[in-house]
Structures are given as structure tokens and as C-alpha cells.
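Take a look at the structure below.
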Amino acid sequence: MGKIKPALVLEGGGMRGAYTSGILEAFMEENIDFSYIIGVSAGASNGASFISKQKGRNKKVFVDYVSHKEYSGFKHWIREKSYFNMKFLFDTLPNELLPFDYDNFFSSETIFKICTTNGETGKPEYFDKRDIKDKPMSNLILQASSSLPIISMPVEINGIKYFDGGIVDSIPIKKSIEDGNKYNVIILTRNKDYRKGKQKLGFYFRSHLKKYPKVLEAIEKRHIVYNHTLDEIERLEKEGLIYIFRPIATINVGRMEKDSEKLLDLYNQGYKEAMEQMDDFRKWIATISNE
């Protein structure tokens with residue numbers, strides 16, 4: 001099928017990214033590619049391996065390696081102030097255990113944007129693959145996009161601290177449209193009836209973010225922004241401007257899930273549900289391609 005007209009928007013969600021991994025594997029098998037991809041957190045990590053065209057790699061990252069002692073755990077939070085071992089995920093895995101194809105990634109003509117949260121402004125900042133000059137920087141930006149407060153430490157890039165992009169733009173459909181993409185494919189990692197509740201921020205959380213007041217403000221209104229985005233997505237879907245892949249069967253996997261069997265089930269669910277929708281998806285692609 002090759003590169004198609006709409007852009008691809010990838011939500012994050014921590015280990016729920018296993019669902020996205022399954023869908024992207026189906027896309028690769030069906031030879032479906034995109035000229036523009038934008039991702040947040042786990043969505044950005046999934047998108048990178050999709051662009052590098054490494055079949056099966058996302059499954060290994062989100063399912064097979066999750067039981068590795070260096071993957072995650074509170075021992076890492078005690079030592080490095082990060083529940084997920086970021087050095088393992090964004091250095092050891094791509095550079096040693098599960099080599100990432102940097103050549104394919106950087107030579108790809110696909111526009112790829114990674115959403116982060118600027119620690120000073122509390123606003124989204126989108127890093128463009130075309131402006132990333134080397135391997136370490138690409139991994140650093142992906143790490144920044146996945147660095148949730150408390151769970152992980154912020155990442156410094158060019159003198160500025162960055163946090164998980166999901167704080168301010170969990171589903172960057174607005175940015176994709178602003179970049180000129182009239183039609184979009186969105187992969188969500190929550191069921192259709194999901195709406196985000198207000199996050200309860202205790203003393204420790206507020207104390208932890210006292211250096212980043214704008215980020216704290218963004219977190220306090222995150223549920224409002226997220227739910228408004230879902231409402232906007234439903235409107236665009238009714239207008240035929242977007243196609244949504246989201247979990248149909250109820251999922252019971254959390255952001256920090258470590259059960260590899262649950263994650264494998266979620267990965268298989270993503271693959272299965274994508275293949276079951278493939279005919280309808282191709283019809284939608286054909287419809288917009290004729291415009």
C-alpha cells in the first residue's frame with residue numbers, strides 16, 4: 001500500500017503502548033506507511049521503530065524485555081529517582097541488546113515529531129527528526145518525551161529540562177492539523193468510554209515540582225485538556241476526517257505494568273483488532289484519496 005495520505009498520531013500511556021505496538025506490526029505486515037508521524041511518550045518510542053522498519057522490535061521492547069531486572073522497579077527509583085531504568089531503555093536496549101536501525105530511521109523521508117513538555121514554560125515542544133543530528137540526541141529526546149514527574153526525572157536538552165509530552169498534549173492531533181494534515185489516523189490506548197479524572201496532587205508531588213510551577217499548572221488542568229481533545233476527536237471522526245484505532249475489548253493494563261503475559265495479550269489484541277478493521281480502514285483510505 002505504501003505511503004498514504006493521512007498523518008499518524010500516536011498516544012502514549014506507558015506500558016499500554018503494547019497495544020500500539022500490535023497495531024503498528026499489522027501496518028508493517030500490510031505495507032502501510034505514512035509520510036507524517038507524531039507521537040508522545042510510549043507512542044513516540046513505538047513510532048521510531050515503525051519508521052526504522054524493524055518488524056517485531058516494538059514487541060520485544062514492550063513485552064519480551066519487561067521482565068528483565070534492569071527494565072523497571074522501585075530499586076531504580078531509589079537509586080536514580082526513576083521507576084523505569086532510563087539508561088537501560090534508551091541506551092542499553094537500542095545500542096546493545098536490541099540494536100535500533102539508526103540508518104533507516106535517519107534516512108527515512110517520513111516527517112517524525114516527538115512531543116515533550118518544556119519544564120520552564122509548561123507548554124508542548126515538538127522535536128522534529130529533521131533537526132536531530134545524532135544518535136544520542138534522538139534517544140535523549142525520546143527519553144524526555146517519556147519522563148513523567150515522580151516516575152522519572154526530567155531530561156535536560158540544550159539547557160532546558162523537559163518532561164513527558166503527555167502532560168500537555170497527550171494526543172497531538174491539533175499539532176498535526178496545524179502542520180497541514182487534513183486527514184489523520186489516531187491510535188489511542190484507552191477504551192472508547194474513557195474520560196480522565198482530575199489528578200490528586202499531594203504534598204510530596206507539589207514539593208517535587210516546586211521548581212517547575214508551569215508544569216504543575218499543566219498537570220492540574222491535564223484532565224480538562226485531555227477530555228476536550230477526546231471530544232474534538234469524536235467530532236472529527238463524525239466528519240470523516242480521522243480514523244481511530246483504539247482498544248475495543250476492555251483493557252486492564254496500567255502505565256507501569258510488569259506482567260509480561262498481560263502485555264503480550266494486549267499486544268496481540270492490538271494486532272488482532274487492527275487486522276479485523278483493515279478492510280474498513282482501506283475503504284476509508286480509498287475514500288479520502290479520491291478527494
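Residue numbering restarts at 1 for every chain of the C-alpha cells, chains are lettered A, B, ... in their displayed order, and ligands are numbered from 1 as they appear.
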Go through segment 205-238 of chain A and flag each residue having an atom no more than 7 Å from segment 153-176 of chain A; for those, report the closest pair of atoms plus their distance in Å to one decimal, using only C-alpha atoms, ordered by chain and rising number, as a Markdown table.
```
| residue | atom | partner | partner_atom | distance |
| --- | --- | --- | --- | --- |
| A:Ala218 | CA | A:Val168 | CA | 6.2 |
| A:Ile219 | CA | A:Ile167 | CA | 6.0 |
| A:Arg222 | CA | A:Ile167 | CA | 6.3 |
| A:Tyr226 | CA | A:Ser170 | CA | 6.7 |
```
Selection from above, N, CA, C and O atoms, as a short mmCIF file (atom, residue, chain, number, x, y, z; two decimals), in the first residue's frame, can you write it?
```cif
data_model
loop_
_atom_site.label_atom_id
_atom_site.label_comp_id
_atom_site.auth_asym_id
_atom_site.auth_seq_id
_atom_site.Cartn_x
_atom_site.Cartn_y
_atom_site.Cartn_z
N ALA A 218 0.03 22.81 34.48
CA ALA A 218 -0.43 21.99 33.35
C ALA A 218 -1.00 20.67 33.83
O ALA A 218 -2.01 20.18 33.31
N ILE A 219 -0.38 20.07 34.84
CA ILE A 219 -0.87 18.81 35.38
C ILE A 219 -2.23 18.99 36.04
O ILE A 219 -3.11 18.14 35.92
N ARG A 222 -4.72 18.99 33.31
CA ARG A 222 -4.49 17.99 32.28
C ARG A 222 -5.78 17.27 31.89
O ARG A 222 -6.02 17.01 30.71
N TYR A 226 -7.27 16.95 28.15
CA TYR A 226 -7.37 15.60 27.57
C TYR A 226 -8.80 15.30 27.13
O TYR A 226 -9.05 14.84 26.00
#
```
* To do: Compile the contact shell of Lys211 of chain A as a count of residues only: residues with an atom at most 12 Å away, counting only C-alpha atoms, same-chain residues fewer than 2 positions apart removed.
  => 17
* So which one's closest to Phe127 of chain A, A:Ile37, A:Ile151, A:Ala42, A:Met256? Using only C-alpha atoms, please. ->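 For Phe127 of chain A, the nearest of the given residues is A:Ile37.
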* **Backbone DSSP call of strand (DSSP E) for segment 71-261 of chain A, listed as a list in words** => Ile111, Phe112, Lys113, Ile114, Cys115, Thr116, Thr117, Asn118, Pro124, Glu125, Tyr126, Phe127, Asp128, Val155, Glu156, Ile157, Ile160, Lys161, Tyr162, Phe163, Asp164, Asn184, Val185, Ile186, Ile187, Ile242, Tyr243, Ile244 and Phe245 of chain A
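Computed from the coordinates, the atom CA of Lys221 of chain A to atom CA of Asp179 of chain A distance equals 24.9 Å.
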Mind running segment 109-170 of chain A against segment 76-92 of chain A at 10 Å and telling me each contacting residue's nearest atom pair with the distance in Å (one decimal), counting only C-alpha atoms, chain and number ascending, as CSV?
```
residue,atom,partner,partner_atom,distance
A:Lys135,CA,A:Asp91,CA,9.9
A:Pro136,CA,A:Asp91,CA,8.2
A:Ser138,CA,A:Phe90,CA,9.3
A:Asn139,CA,A:Phe90,CA,5.6
A:Leu140,CA,A:Phe90,CA,7.3
A:Ile141,CA,A:Phe90,CA,9.6
A:Leu142,CA,A:Phe90,CA,7.7
A:Gln143,CA,A:Phe90,CA,6.5
A:Ala144,CA,A:Met86,CA,9.7
A:Ser146,CA,A:Met86,CA,9.3
A:Ser147,CA,A:Ser82,CA,8.6
A:Leu148,CA,A:Ser82,CA,9.2
A:Pro149,CA,A:Ser82,CA,9.1
A:Ile150,CA,A:Ser82,CA,7.4
A:Ile151,CA,A:Tyr83,CA,5.3
A:Ser152,CA,A:Ser82,CA,4.1
A:Met153,CA,A:Ser82,CA,6.1
A:Pro154,CA,A:Ser82,CA,9.6
```
Would you put the residues from that selection into a file with C-alpha atoms, as a compact mmCIF listing (two decimals), in the first residue's frame?
```txt
# COMPACT_ATOMS: atom_id res chain seq x y z
CA LYS A 135 22.05 9.01 17.78
CA PRO A 136 22.46 10.15 21.40
CA SER A 138 17.44 11.02 19.28
CA ASN A 139 17.43 8.75 22.34
CA LEU A 140 17.58 11.72 24.71
CA ILE A 141 14.51 13.31 23.13
CA LEU A 142 12.58 10.03 23.23
CA GLN A 143 13.54 9.71 26.90
CA ALA A 144 12.36 13.25 27.61
CA SER A 146 8.56 9.60 28.39
CA SER A 147 9.68 11.30 31.62
CA LEU A 148 6.64 11.73 33.86
CA PRO A 149 7.18 13.64 37.11
CA ILE A 150 7.74 11.45 40.18
CA ILE A 151 8.02 8.34 37.98
CA SER A 152 11.08 9.80 36.23
CA MET A 153 13.44 12.74 36.40
CA PRO A 154 13.25 15.47 33.75
```
* Interatomic distance (Å, one decimal) between atom CA of Lys133 of chain A and atom CA of Gly13 of chain A ->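 The value is 27.3 Å.
Once Asp131 of chain A and its same-chain neighbours fewer than 5 positions away are set aside, Phe106, Ile111, Phe112, Lys113, Ile114, Tyr126, Met137, Ser138 and Ile141 of chain A remain within 12 Å of it when counting only C-alpha atoms.
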* **Surrounding residues of Asp231 of chain A excluding itself and chain neighbours under 2 positions, 12 Å, only C-alpha atoms, as a count of residues only** => 18
* Could you state the separation of atom CA of Gly14 of chain A and atom CA of Val253 of chain A in Å, given to one decimal place? ->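 Calculated distance between atom CA of Gly14 of chain A and atom CA of Val253 of chain A is 9.6 Å.
Taking only C-alpha atoms, the non-local environment of Gln269 of chain A within 10 Å (same-chain residues fewer than 3 positions away omitted) comprises Ala18, Tyr19, Thr20, Gly22, Ile23, Pro247, Ile248, Ala249, Ile251, Leu263, Leu264, Asp265, Leu266, Lys272, Glu273, Ala274 and Met275 of chain A.
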* To do: Name all residues at most 8 Å from segment 60-69 of chain A (count only C-alpha atoms; drop same-chain ones fewer than 2 positions away) and give them as a ChimeraX atom specification.
  => /A:15,17-18,21,56-58,71-72,258-260,263-264,267
* Please provide the set of residues having any atom within 8 Å of Asn104 of chain A, restricted to only C-alpha atoms, with same-chain residues fewer than 2 positions apart removed, written as a list in words. =>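 What passes the distance filter is Ile51, Ser52, Lys53, Asp101, Tyr102, Phe106, Ser107 and Ser108 of chain A.
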